[in-house]
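The file data-v3.txt comes next; it holds compact mmCIF, C-alpha atoms.
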```
# COMPACT_ATOMS: atom_id res chain seq x y z
CA MET O 1 0.00 0.00 0.00
CA LEU O 2 1.58 3.28 -1.14
CA ARG O 3 0.39 6.86 -0.83
CA PRO O 4 2.72 8.68 -3.25
CA GLY O 5 2.42 12.40 -3.89
CA ARG O 6 0.91 13.87 -7.01
CA GLY O 7 4.36 14.45 -8.52
CA LEU O 8 5.37 10.79 -8.29
CA LEU O 9 2.00 9.67 -9.65
CA SER O 10 2.50 11.97 -12.65
CA LEU O 11 5.94 10.47 -13.30
CA LEU O 12 4.55 6.93 -13.03
CA GLU O 13 1.77 7.79 -15.45
CA ARG O 14 4.20 9.19 -18.04
CA ASP O 15 6.66 6.27 -17.75
CA PRO O 16 4.84 3.25 -16.22
CA THR O 17 7.68 0.73 -16.52
CA GLY O 18 10.49 3.00 -15.34
CA GLU O 19 11.78 2.66 -11.79
CA ARG O 20 10.70 5.41 -9.41
CA SER O 21 12.13 5.67 -5.92
CA TYR O 22 9.70 6.13 -3.06
CA SER O 23 10.68 6.74 0.57
CA GLN O 24 8.84 4.51 3.02
CA THR O 25 7.92 5.40 6.57
CA CYS O 26 7.84 1.76 7.71
CA ARG O 27 10.91 -0.39 8.32
CA ASP O 28 9.42 -3.89 7.85
CA TRP O 29 8.95 -3.98 4.10
CA PRO O 30 9.04 -7.62 2.90
CA GLU O 31 12.36 -8.58 1.36
CA VAL O 32 13.45 -10.71 -1.61
CA LYS O 33 10.35 -10.76 -3.81
CA SER O 34 8.46 -8.14 -5.75
CA HIS O 35 5.01 -7.28 -4.43
CA LEU O 36 1.81 -5.76 -5.72
CA ALA O 37 1.78 -1.99 -5.22
CA ILE O 38 -1.65 -0.51 -4.48
CA LEU O 39 -1.31 3.20 -5.22
CA LEU O 40 -3.73 5.38 -3.27
CA ALA O 41 -5.13 8.56 -4.77
CA PRO O 42 -4.05 12.00 -3.52
CA PRO O 43 -6.30 13.62 -0.87
CA ASP O 44 -8.11 15.82 -3.41
CA GLN O 45 -9.19 12.69 -5.33
CA GLN O 46 -10.42 10.73 -2.33
CA SER O 47 -14.12 11.60 -2.62
CA ASP O 48 -16.72 11.61 -5.39
CA GLY O 49 -18.37 14.66 -3.86
CA PRO O 50 -20.81 15.57 -1.06
CA GLY O 51 -22.96 12.74 0.22
CA HIS O 52 -20.54 9.98 -0.76
CA GLU O 53 -18.67 7.84 1.72
CA ASP O 54 -15.25 9.35 2.43
CA ARG O 55 -13.21 6.16 2.03
CA GLN O 56 -9.68 5.95 0.69
CA ARG O 57 -9.50 5.38 -3.03
CA ILE O 58 -7.14 3.52 -5.35
CA TRP O 59 -5.39 5.54 -8.07
CA GLY O 60 -3.80 2.51 -9.78
CA LEU O 61 -1.68 -0.61 -9.42
CA GLY O 62 1.95 -1.46 -10.01
CA ILE O 63 4.92 -3.49 -8.77
CA VAL O 64 7.03 -2.53 -5.76
CA ARG O 65 10.38 -3.94 -4.63
CA PRO O 66 12.66 -2.99 -1.74
CA ALA O 67 15.65 -0.72 -2.28
CA HIS O 68 18.10 0.49 0.37
CA GLU O 69 17.25 1.22 3.98
CA THR O 70 18.18 4.52 5.60
CA ASP O 71 18.35 5.46 9.29
CA LEU O 72 14.81 6.80 9.14
CA ASP O 73 12.90 4.84 6.55
CA ARG O 74 12.93 2.33 3.71
CA LYS O 75 13.33 3.18 0.07
CA VAL O 76 11.35 1.16 -2.45
CA PHE O 77 11.16 1.18 -6.24
CA VAL O 78 7.80 1.34 -8.04
CA THR O 79 7.47 0.06 -11.60
CA HIS O 80 4.83 -1.11 -14.09
CA ALA O 81 2.34 1.39 -12.67
CA ARG O 82 -0.91 1.99 -14.50
CA ARG O 83 -3.61 4.48 -13.57
CA LEU O 84 -7.25 3.45 -13.44
CA ARG O 85 -9.73 5.45 -15.49
CA LYS O 86 -11.49 6.41 -12.27
CA PRO O 87 -10.32 5.95 -8.65
CA VAL O 88 -12.23 3.16 -6.86
CA PRO O 89 -12.86 2.74 -3.10
CA VAL O 90 -10.59 0.48 -1.09
CA SER O 91 -12.15 -2.81 -0.03
CA GLU O 92 -13.57 -2.90 3.51
CA LEU O 93 -11.85 -6.26 3.94
CA TRP O 94 -8.49 -4.52 4.23
CA TYR O 95 -9.34 -2.20 7.11
CA ALA O 96 -8.16 -3.15 10.57
CA ALA O 97 -10.89 -3.65 13.17
CA GLY O 98 -11.56 -0.55 15.28
CA VAL O 99 -10.36 -0.53 18.86
CA GLY O 100 -13.17 -1.21 21.32
CA ASP O 101 -15.95 -1.76 18.79
CA ASP O 102 -16.85 -3.82 15.74
CA SER O 103 -16.79 -0.99 13.21
CA PRO O 104 -14.01 -0.79 10.64
CA SER O 105 -11.38 1.89 10.89
CA LEU O 106 -11.31 4.18 7.87
CA SER O 107 -7.53 4.51 7.94
CA LEU O 108 -4.96 2.40 6.18
CA PRO O 109 -1.22 2.70 6.76
CA GLU O 110 0.38 5.59 4.87
CA SER O 111 2.61 3.00 3.25
CA GLY O 112 3.80 -0.51 3.80
CA PRO O 113 2.37 -4.04 3.76
CA VAL O 114 -1.37 -4.55 4.14
CA THR O 115 -1.90 -6.77 7.17
CA VAL O 116 -4.27 -9.23 5.52
CA GLY O 117 -3.49 -12.27 3.40
CA ALA O 118 -2.53 -11.88 -0.25
CA ASP O 119 -5.46 -14.05 -1.34
CA VAL O 120 -7.87 -11.65 0.38
CA VAL O 121 -6.27 -8.66 -1.31
CA PHE O 122 -6.39 -10.25 -4.76
CA ALA O 123 -9.97 -11.39 -4.30
CA GLY O 124 -10.98 -7.94 -3.07
CA LEU O 125 -9.34 -6.20 -6.03
CA GLN O 126 -11.06 -8.48 -8.50
CA ARG O 127 -14.46 -7.86 -6.89
CA ILE O 128 -14.07 -4.07 -6.80
CA SER O 129 -14.07 -3.60 -10.57
CA ALA O 130 -13.42 -5.35 -13.86
CA ALA O 131 -10.60 -2.88 -14.57
CA LEU O 132 -8.81 -3.85 -11.37
CA ALA O 133 -9.31 -7.54 -12.09
CA GLU O 134 -7.70 -7.06 -15.51
CA GLU O 135 -4.73 -5.18 -14.03
CA VAL O 136 -4.22 -7.84 -11.37
CA GLN O 137 -4.07 -10.55 -14.03
CA ARG O 138 -1.58 -8.44 -16.03
CA LEU O 139 0.73 -8.02 -13.04
CA MET O 140 0.52 -11.52 -11.56
CA PRO O 141 3.31 -12.99 -13.77
CA LEU O 142 5.67 -10.27 -12.48
CA LEU O 143 5.04 -11.21 -8.85
CA ASP O 144 6.16 -14.81 -9.20
CA ASP O 145 4.84 -15.92 -5.80
CA GLY O 146 5.75 -19.57 -6.32
CA GLU O 147 8.26 -21.14 -3.96
CA GLY O 148 10.83 -21.71 -6.69
CA SER O 149 13.18 -23.71 -4.47
CA THR O 150 13.68 -26.85 -6.53
CA ASP O 151 17.20 -27.73 -7.65
CA GLN O 152 16.34 -26.76 -11.21
CA GLU O 153 14.84 -23.40 -10.22
CA LEU O 154 17.76 -22.51 -7.96
CA ARG O 155 20.09 -23.36 -10.84
CA TRP O 156 17.99 -21.10 -13.10
CA ARG O 157 18.42 -18.34 -10.54
CA ASP O 158 22.20 -18.75 -10.53
CA GLU O 159 22.37 -18.89 -14.31
CA ARG O 160 20.25 -15.75 -14.59
CA ASP O 161 22.44 -14.01 -12.03
CA ALA O 162 25.62 -14.93 -13.93
CA LEU O 163 24.14 -13.89 -17.27
CA LEU O 164 23.11 -10.45 -16.01
CA LEU O 165 26.41 -9.97 -14.17
CA PHE O 166 28.44 -10.84 -17.25
CA ALA O 167 26.19 -8.67 -19.39
CA LYS O 168 27.23 -5.74 -17.18
CA ILE O 169 30.87 -6.69 -17.69
CA ALA O 170 30.26 -6.69 -21.45
CA GLY O 171 28.96 -3.13 -21.17
CA LEU O 172 25.20 -3.65 -21.31
CA THR O 173 22.75 -1.67 -19.22
CA ALA O 174 19.36 -2.82 -17.95
CA LYS O 175 17.66 -1.02 -20.86
CA ASP O 176 19.95 -2.69 -23.40
CA PHE O 177 19.20 -6.15 -22.09
CA THR O 178 15.51 -6.11 -22.97
CA ARG O 179 15.39 -9.73 -24.08
CA ALA O 180 16.09 -10.94 -20.56
CA HIS O 181 13.03 -9.03 -19.37
CA GLY O 182 10.96 -11.07 -21.82
CA TRP O 183 11.99 -14.34 -20.20
CA ASP O 184 9.32 -17.04 -20.41
CA ARG O 185 9.29 -19.40 -17.47
CA THR O 186 7.10 -21.91 -19.25
CA ALA O 187 9.57 -22.11 -22.15
CA ALA O 188 12.63 -22.68 -19.95
CA GLU O 189 13.72 -26.29 -19.85
CA GLU O 190 17.18 -27.39 -18.79
CA SER O 191 18.55 -23.85 -18.62
CA TYR O 192 17.43 -20.34 -17.85
CA ILE O 193 18.48 -18.90 -21.20
CA SER O 194 16.27 -21.37 -23.06
CA GLY O 195 13.37 -19.18 -21.89
CA LEU O 196 14.83 -16.03 -23.47
CA ASP O 197 13.69 -14.53 -26.74
CA GLY O 198 17.28 -14.27 -27.91
CA VAL O 199 18.72 -14.98 -31.34
CA ALA O 200 19.93 -18.49 -32.02
CA VAL O 201 23.63 -18.61 -32.82
CA GLN O 202 24.44 -19.19 -36.49
CA PRO O 203 28.12 -20.08 -36.50
CA THR O 204 28.36 -20.54 -40.27
CA PHE O 205 28.14 -16.75 -40.67
CA ASP O 206 30.92 -15.96 -38.21
CA ASP O 207 34.29 -17.73 -37.98
CA LYS O 208 34.77 -16.78 -34.33
CA ARG O 209 31.35 -18.11 -33.30
CA GLU O 210 31.93 -21.24 -35.36
CA ARG O 211 35.18 -21.85 -33.50
CA VAL O 212 33.49 -21.41 -30.10
CA ALA O 213 30.54 -23.61 -31.04
CA GLU O 214 32.86 -26.34 -32.29
CA ARG O 215 34.87 -26.31 -29.05
CA LEU O 216 31.70 -26.57 -26.91
CA SER O 217 29.85 -29.13 -29.02
CA GLY O 218 29.19 -32.56 -27.57
CA ILE O 219 29.87 -31.60 -23.94
CA GLY O 220 26.27 -31.79 -22.75
CA VAL O 221 22.78 -30.45 -23.37
CA ALA O 222 23.54 -26.99 -24.74
CA VAL O 223 21.47 -23.87 -25.41
CA MET O 224 23.12 -20.94 -27.20
CA LYS O 225 21.90 -17.36 -27.55
CA ALA O 226 23.53 -14.31 -29.10
CA PHE O 227 23.05 -10.73 -27.97
CA ALA O 228 24.41 -7.98 -30.21
CA SER O 229 23.81 -4.31 -30.92
CA ARG O 230 25.28 -2.01 -33.49
CA ASP O 231 24.06 1.55 -33.10
CA ASN O 232 25.57 4.99 -32.63
CA ARG O 233 25.34 4.91 -28.83
CA ARG O 234 26.45 1.46 -27.70
CA SER O 235 28.12 -1.59 -29.13
CA TYR O 236 28.03 -5.03 -27.58
CA ASP O 237 28.34 -8.53 -28.92
CA LEU O 238 28.19 -11.53 -26.63
CA GLU O 239 27.17 -15.13 -26.85
CA ALA O 240 25.76 -17.10 -23.92
CA THR O 241 25.95 -20.88 -23.89
CA SER O 242 24.31 -22.94 -21.15
CA ILE O 243 25.64 -26.49 -20.91
CA ILE O 244 23.97 -29.04 -18.63
CA ASP O 245 25.26 -32.55 -17.99
CA PRO O 246 22.70 -35.25 -18.96
CA ARG O 247 22.64 -36.58 -15.40
CA VAL O 248 21.53 -33.15 -14.10
CA VAL O 249 18.86 -32.95 -16.80
CA GLY O 250 17.66 -36.30 -15.47
CA GLY O 251 17.11 -34.87 -11.99
CA ALA O 252 20.46 -35.11 -10.21
CA GLU O 253 21.67 -32.15 -8.15
CA GLY O 254 24.01 -29.75 -9.86
CA SER O 255 25.77 -26.52 -8.99
CA LEU O 256 26.93 -23.90 -11.48
CA ASP O 257 30.26 -22.65 -12.80
CA ALA O 258 30.02 -19.44 -14.83
CA PHE O 259 32.78 -18.48 -17.30
CA TYR O 260 33.28 -15.02 -18.79
CA TYR O 261 35.73 -15.02 -21.71
CA HIS O 262 36.81 -11.93 -23.65
CA TYR O 263 37.66 -13.40 -27.04
CA ASP O 264 40.15 -10.88 -28.46
CA THR O 265 42.37 -10.71 -25.36
CA GLY O 266 41.78 -14.17 -23.90
CA THR O 267 40.70 -12.64 -20.56
CA LEU O 268 39.01 -15.23 -18.34
CA VAL O 269 36.99 -14.93 -15.12
CA VAL O 270 35.27 -17.88 -13.47
CA LEU O 271 32.53 -17.77 -10.84
CA ARG O 272 31.53 -20.84 -8.86
CA TYR O 273 28.10 -20.47 -7.27
CA LEU O 274 27.79 -21.79 -3.71
CA SER O 275 25.40 -21.42 -0.81
CA PRO O 276 26.60 -20.57 2.71
CA GLY O 277 24.82 -23.59 4.27
CA PRO O 278 26.43 -26.68 5.86
CA ASN O 279 26.63 -28.42 2.48
CA GLY O 280 27.79 -25.27 0.73
CA ILE O 281 30.99 -23.31 0.67
CA PHE O 282 33.01 -25.05 3.42
CA SER O 283 31.90 -28.64 2.92
CA PRO O 284 34.73 -31.14 2.23
CA ASP O 285 33.37 -31.82 -1.25
CA ALA O 286 33.23 -28.09 -2.06
CA ARG O 287 36.81 -27.55 -0.84
CA ARG O 288 38.15 -30.46 -2.88
CA SER O 289 36.24 -29.48 -6.01
CA LEU O 290 37.29 -25.85 -5.75
CA HIS O 291 40.93 -26.80 -5.28
CA GLU O 292 40.76 -28.97 -8.40
CA LEU O 293 39.15 -26.18 -10.42
CA HIS O 294 41.69 -23.65 -9.21
CA SER O 295 44.60 -25.92 -10.09
CA ARG O 296 43.30 -25.99 -13.69
CA VAL O 297 42.49 -22.33 -14.27
CA HIS O 298 45.08 -20.52 -12.13
CA ARG O 299 47.94 -20.80 -14.63
CA PRO O 300 47.03 -20.58 -18.32
CA GLU O 301 48.75 -23.25 -20.35
CA GLN O 302 50.07 -20.71 -22.84
CA GLY O 303 50.38 -17.45 -20.97
CA THR O 304 51.54 -14.33 -22.78
CA ARG O 305 54.07 -11.76 -21.61
CA HIS O 306 52.40 -8.67 -20.17
CA ARG O 307 53.19 -5.25 -21.51
CA THR O 308 55.06 -2.86 -19.25
CA ASP O 309 51.94 -0.69 -18.90
CA ASP O 310 49.70 -3.67 -18.14
CA TYR O 311 48.89 -4.02 -14.48
CA SER O 312 45.98 -5.51 -12.54
CA LEU O 313 44.82 -6.07 -9.00
CA LEU O 314 44.24 -9.81 -9.27
CA GLU O 315 45.24 -12.14 -12.09
CA ASP O 316 43.69 -15.22 -10.48
CA PRO O 317 40.53 -15.92 -12.53
CA LEU O 318 38.59 -17.92 -9.91
CA PHE O 319 35.98 -16.29 -7.66
CA LEU O 320 33.25 -17.64 -5.39
CA ARG O 321 29.69 -16.32 -5.66
CA VAL O 322 28.14 -16.98 -2.27
CA HIS O 323 24.46 -16.11 -2.02
CA ASP O 324 21.49 -16.48 0.26
CA GLN O 325 19.23 -19.46 -0.32
CA VAL O 326 16.42 -17.29 -1.63
CA PRO O 327 13.90 -18.78 -4.06
CA PHE O 328 14.14 -18.16 -7.77
CA THR O 329 12.22 -15.11 -8.97
CA SER O 330 11.62 -13.77 -12.44
CA ALA O 331 12.23 -10.20 -11.25
CA LEU O 332 15.07 -9.39 -13.62
CA HIS O 333 15.87 -5.91 -12.42
CA ARG O 334 18.47 -7.12 -9.93
CA THR O 335 20.80 -10.03 -9.25
CA SER O 336 20.63 -12.40 -6.32
CA SER O 337 21.71 -11.14 -2.94
CA GLY O 338 25.11 -12.27 -1.79
CA ALA O 339 28.81 -11.51 -2.22
CA ILE O 340 31.80 -12.40 -4.38
CA TYR O 341 35.07 -13.60 -2.84
CA PRO O 342 38.48 -14.19 -4.45
CA TYR O 343 39.49 -17.84 -4.24
CA GLY O 344 42.66 -16.90 -2.35
CA GLN O 345 40.68 -15.63 0.62
CA PHE O 346 38.65 -18.82 0.75
CA ALA O 347 41.79 -20.97 0.56
CA ALA O 348 43.38 -19.02 3.42
CA GLU O 349 40.39 -19.61 5.70
CA THR O 350 39.64 -23.28 5.00
CA GLY O 351 42.20 -24.47 7.55
CA LEU O 352 40.42 -22.82 10.45
CA PRO O 353 38.52 -25.09 12.86
CA GLY O 354 34.84 -24.87 12.05
CA PRO O 355 35.17 -22.23 9.28
CA SER O 356 32.15 -20.15 8.33
CA VAL O 357 31.26 -17.40 5.88
CA ASP O 358 31.72 -14.90 8.74
CA ALA O 359 35.48 -15.52 8.44
CA LEU O 360 35.39 -14.22 4.86
CA THR O 361 35.32 -10.54 5.72
CA ARG O 362 36.51 -9.01 2.45
CA HIS O 363 34.10 -9.33 -0.42
CA LEU O 364 32.84 -7.55 -3.51
CA VAL O 365 29.29 -6.62 -4.38
CA PRO O 366 28.28 -7.67 -7.90
CA THR O 367 28.21 -4.14 -9.33
CA ASP O 368 31.77 -3.36 -8.19
CA PHE O 369 32.96 -6.76 -9.37
CA ALA O 370 31.51 -6.18 -12.84
CA SER O 371 33.20 -2.77 -13.08
CA LEU O 372 36.60 -4.12 -12.00
CA VAL O 373 36.49 -6.98 -14.52
CA ARG O 374 35.28 -4.67 -17.30
CA ASP O 375 38.13 -2.24 -16.63
CA GLY O 376 40.75 -4.99 -16.70
CA TRP O 377 41.62 -5.16 -12.99
CA PHE O 378 40.55 -8.79 -12.50
CA GLY O 379 41.03 -11.90 -14.61
CA ALA O 380 43.67 -14.07 -16.24
CA ARG O 381 45.02 -12.67 -19.49
CA GLY O 382 46.03 -14.46 -22.67
CA VAL O 383 44.07 -17.67 -22.00
CA PRO O 384 43.69 -19.65 -25.27
CA LEU O 385 40.15 -20.59 -26.25
CA GLU O 386 41.21 -24.25 -26.33
CA ALA O 387 42.25 -24.11 -22.67
CA ALA O 388 39.11 -22.24 -21.59
CA SER O 389 36.82 -24.70 -23.38
CA ASP O 390 38.66 -27.65 -21.84
CA TRP O 391 38.03 -26.12 -18.39
CA VAL O 392 34.36 -25.65 -19.30
CA LYS O 393 34.15 -29.34 -20.18
CA ALA O 394 35.81 -30.32 -16.89
CA SER O 395 33.36 -28.08 -14.97
CA VAL O 396 30.37 -29.70 -16.65
CA GLU O 397 31.69 -33.09 -15.58
CA THR O 398 32.36 -31.87 -12.02
CA VAL O 399 29.42 -29.63 -11.05
CA GLY O 400 26.92 -30.55 -13.75
CA ALA O 401 26.07 -27.10 -15.16
CA VAL O 402 28.03 -24.28 -16.79
CA LEU O 403 27.22 -20.91 -18.28
CA MET O 404 29.86 -19.58 -20.66
CA VAL O 405 29.55 -16.00 -21.88
CA VAL O 406 31.94 -15.11 -24.70
CA ASP O 407 32.40 -11.38 -25.23
CA PHE O 408 33.35 -10.61 -28.85
CA ASN O 409 33.54 -6.84 -28.39
CA GLY O 410 37.08 -5.41 -28.53
CA ARG O 411 36.21 -2.38 -26.40
CA ALA O 412 38.92 -0.40 -24.61
CA ARG O 413 39.72 -1.11 -20.94
CA GLY O 414 40.13 1.56 -18.31
CA ASN O 415 43.43 0.78 -16.58
CA GLY O 416 45.85 1.15 -19.48
CA SER O 417 46.21 -2.59 -19.77
CA GLY O 418 46.39 -2.69 -23.56
CA LEU O 419 43.04 -4.43 -23.96
CA GLY O 420 41.70 -1.88 -26.38
CA ILE O 421 40.21 -2.34 -29.82
CA ARG O 422 42.67 -3.94 -32.17
CA SER O 423 43.59 -2.18 -35.35
```
Re-express the file's structure as structure tokens.
Amino acid sequence: MLRPGRGLLSLLERDPTGERSYSQTCRDWPEVKSHLAILLAPPDQQSDGPGHEDRQRIWGLGIVRPAHETDLDRKVFVTHARRLRKPVPVSELWYAAGVGDDSPSLSLPESGPVTVGADVVFAGLQRISAALAEEVQRLMPLLDDGEGSTDQELRWRDERDALLLFAKIAGLTAKDFTRAHGWDRTAAEESYISGLDGVAVQPTFDDKRERVAERLSGIGVAVMKAFASRDNRRSYDLEATSIIDPRVVGGAEGSLDAFYYHYDTGTLVVLRYLSPGPNGIFSPDARRSLHELHSRVHRPEQGTRHRTDDYSLLEDPLFLRVHDQVPFTSALHRTSSGAIYPYGQFAAETGLPGPSVDALTRHLVPTDFASLVRDGWFGARGVPLEAASDWVKASVETVGAVLMVVDFNGRARGNGSGLGIRS
């Protein structure tokens, strides 16, 4: 329930899908998932005139999700807002019982969660008017209230997270990556990207893509999508390949390794997705598997000599993506909560008695990580495609699922590392 001012409502009406920040007065806004936003009308639109019941009225509906929390309140983002042709009264079912009598109170919270069940709210909206019922049905797919905690759905979540993170590294913005917002859950099968409306890769028209496709063929059940733009403002060209081992397709558990590979410079970054639970990051199997992966990717088989003006913060390509065990959601405007740790920090802490994620005090948030990789501060340089694809194959055999994003754009890097566009 939101009571935005007239200015915010005007902005939402002009650009319904754009994010608009709204400062909350309550501190207990539900986390993780997107929720239905019921937008109340301004005070001067709360009545139909003299003689009519002075009950709060609904201006429109939208989607709300939590943003950052300040010392005084909670920020939320409002999107997909649509105004009703005429404000309608709020359902009596939502009002809290009055204190000391059986009459309803005519006040709802200024903002924050309605204290009745979601089913009651949805039923009430659909009974109020046909227009509201239509808007509720339009917004329901964006809410994604299913549990989404199966092995396959959690793997979808990790694959989506890696795809969006690597898209940022490749220089895409949220507005550029419109195809991901059209993701179809019903069309997704073994992998997340199979539900995207992307362009199927046609390697016969591109020698570089043909070489990548040939190296990845026959490893497992693969889905390939290409994302490219050539306009005056931006230029990006990446290919995402999801490879799932047949045993994982058949129902076995499987984690995810995500590879980002910059084709022209051979820059490689690898993320292994792990949960912080007892069977997650510090389990004996996870330690052994990570050590094996690190022993393969730490030293490229055919490293190249760095230029004198080429410097970086960390040349080790392996990182750990540790995230909360939140259910999968189709809300594509953000990545999963969690943190990214260099493998070296993990290796230094694994010898402690009873290690935990709390011991890993230095971490990166996904946005900072993407910027550092894009600017050339992180990642192994000069890794041959043959070596990278061999490591992808080994990861499929080890963890069961891999996302490999190959960036074909020869854009310039920011740290003077010589990773610019080749002449």
ask   = Which of these, O:Val326, O:Ala188, O:Leu9, O:Ala370, has the shortest distance to O:Leu154 once you count all atoms listed in the file?
value =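 Using all atoms listed in the file, O:Leu154 sits closest to O:Val326.
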query = Could you state the separation of atom CA of O:Phe346 and atom CA of O:Tyr273 in Å, given to one decimal place?
reply =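 Atom CA of O:Tyr273 lies 13.4 Å from atom CA of O:Phe346.
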Taking every listed atom of stretch 61-67 of chain O and adding 6 Å to each side, what centre and edge lengths in Å (one decimal) does the axis-aligned box have, as lines of an AutoDock Vina configuration file?
```
center_x = 7.0
center_y = -2.3
center_z = -5.9
size_x = 29.3
size_y = 15.3
size_z = 20.3
```
query = Looking at O:Val78, O:Val399, O:Leu314, O:Leu11, which one is nearest to O:Asp285, with distances taken over only C-alpha atoms?
reply =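 Between O:Val78, O:Val399, O:Leu314, O:Leu11, the residue approaching O:Asp285 most closely is O:Val399.
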Between atom CA of O:Thr186 and atom CA of O:Leu142, distance in Å (one decimal) = 13.5 Å
request  = Place a sphere of radius 6 Å on (6.5, -8.1, -8.0) in the file coordinates and name every protein, DNA or RNA residue with an atom inside or on its surface, counting only C-alpha atoms; give the answer as a PyMOL selection string.
outcome  = chain O and resi 34-36+63+142-143
query = If I put a ball of radius 8 Å at (28.9, -14.3, -23.9) in the file's coordinates, which residues poke into it when counting all atoms listed in the file, written as a list in words?
reply =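 The residues that fall inside the cut-off are Phe166, Ala167, Ala226, Phe227, Asp237, Leu238, Glu239, Ala240, Thr241, Tyr260, Tyr261, Met404, Val405, Val406, Asp407 and Phe408 of chain O.
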query = How many Å lie between atom CA of O:Glu135 and atom CA of O:Leu61, rounded to one decimal?
reply =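 Atom CA of O:Glu135 sits 7.2 Å away from atom CA of O:Leu61.
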key: Which of O:Val88, O:Leu216, O:Leu172, O:Val136 sits closest to O:Arg57 [using all atoms listed in the file]   =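 Closest to O:Arg57 of all the choices is O:Val88.
Nearest to O:Val221 of all the residues O:Ala286, O:Ala348, O:Ala37, O:Val396 is O:Val396, based on only C-alpha atoms.
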inquiry  = I'd like the contact shell of O:Phe122 - 10 Å cut-off, all atoms listed in the file, skipping same-chain residues fewer than 3 positions apart - returned as a list in words.
reply    =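 Near neighbours after the sequence-gap exclusion: Leu36, Gly117, Ala118, Asp119, Leu125, Gln126, Arg127, Leu132, Ala133, Val136, Gln137 and Met140 of chain O.
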Would you output that residue set with C-alpha atoms, as a tab-separated table (two decimals), in the coordinates of the input?
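This went into selection-v9.tsv:
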```
chain	number	residue	atom	x	y	z
O	36	LEU	CA	1.81	-5.76	-5.72
O	117	GLY	CA	-3.49	-12.27	3.40
O	118	ALA	CA	-2.53	-11.88	-0.25
O	119	ASP	CA	-5.46	-14.05	-1.34
O	125	LEU	CA	-9.34	-6.20	-6.03
O	126	GLN	CA	-11.06	-8.48	-8.50
O	127	ARG	CA	-14.46	-7.86	-6.89
O	132	LEU	CA	-8.81	-3.85	-11.37
O	133	ALA	CA	-9.31	-7.54	-12.09
O	136	VAL	CA	-4.22	-7.84	-11.37
O	137	GLN	CA	-4.07	-10.55	-14.03
O	140	MET	CA	0.52	-11.52	-11.56
```
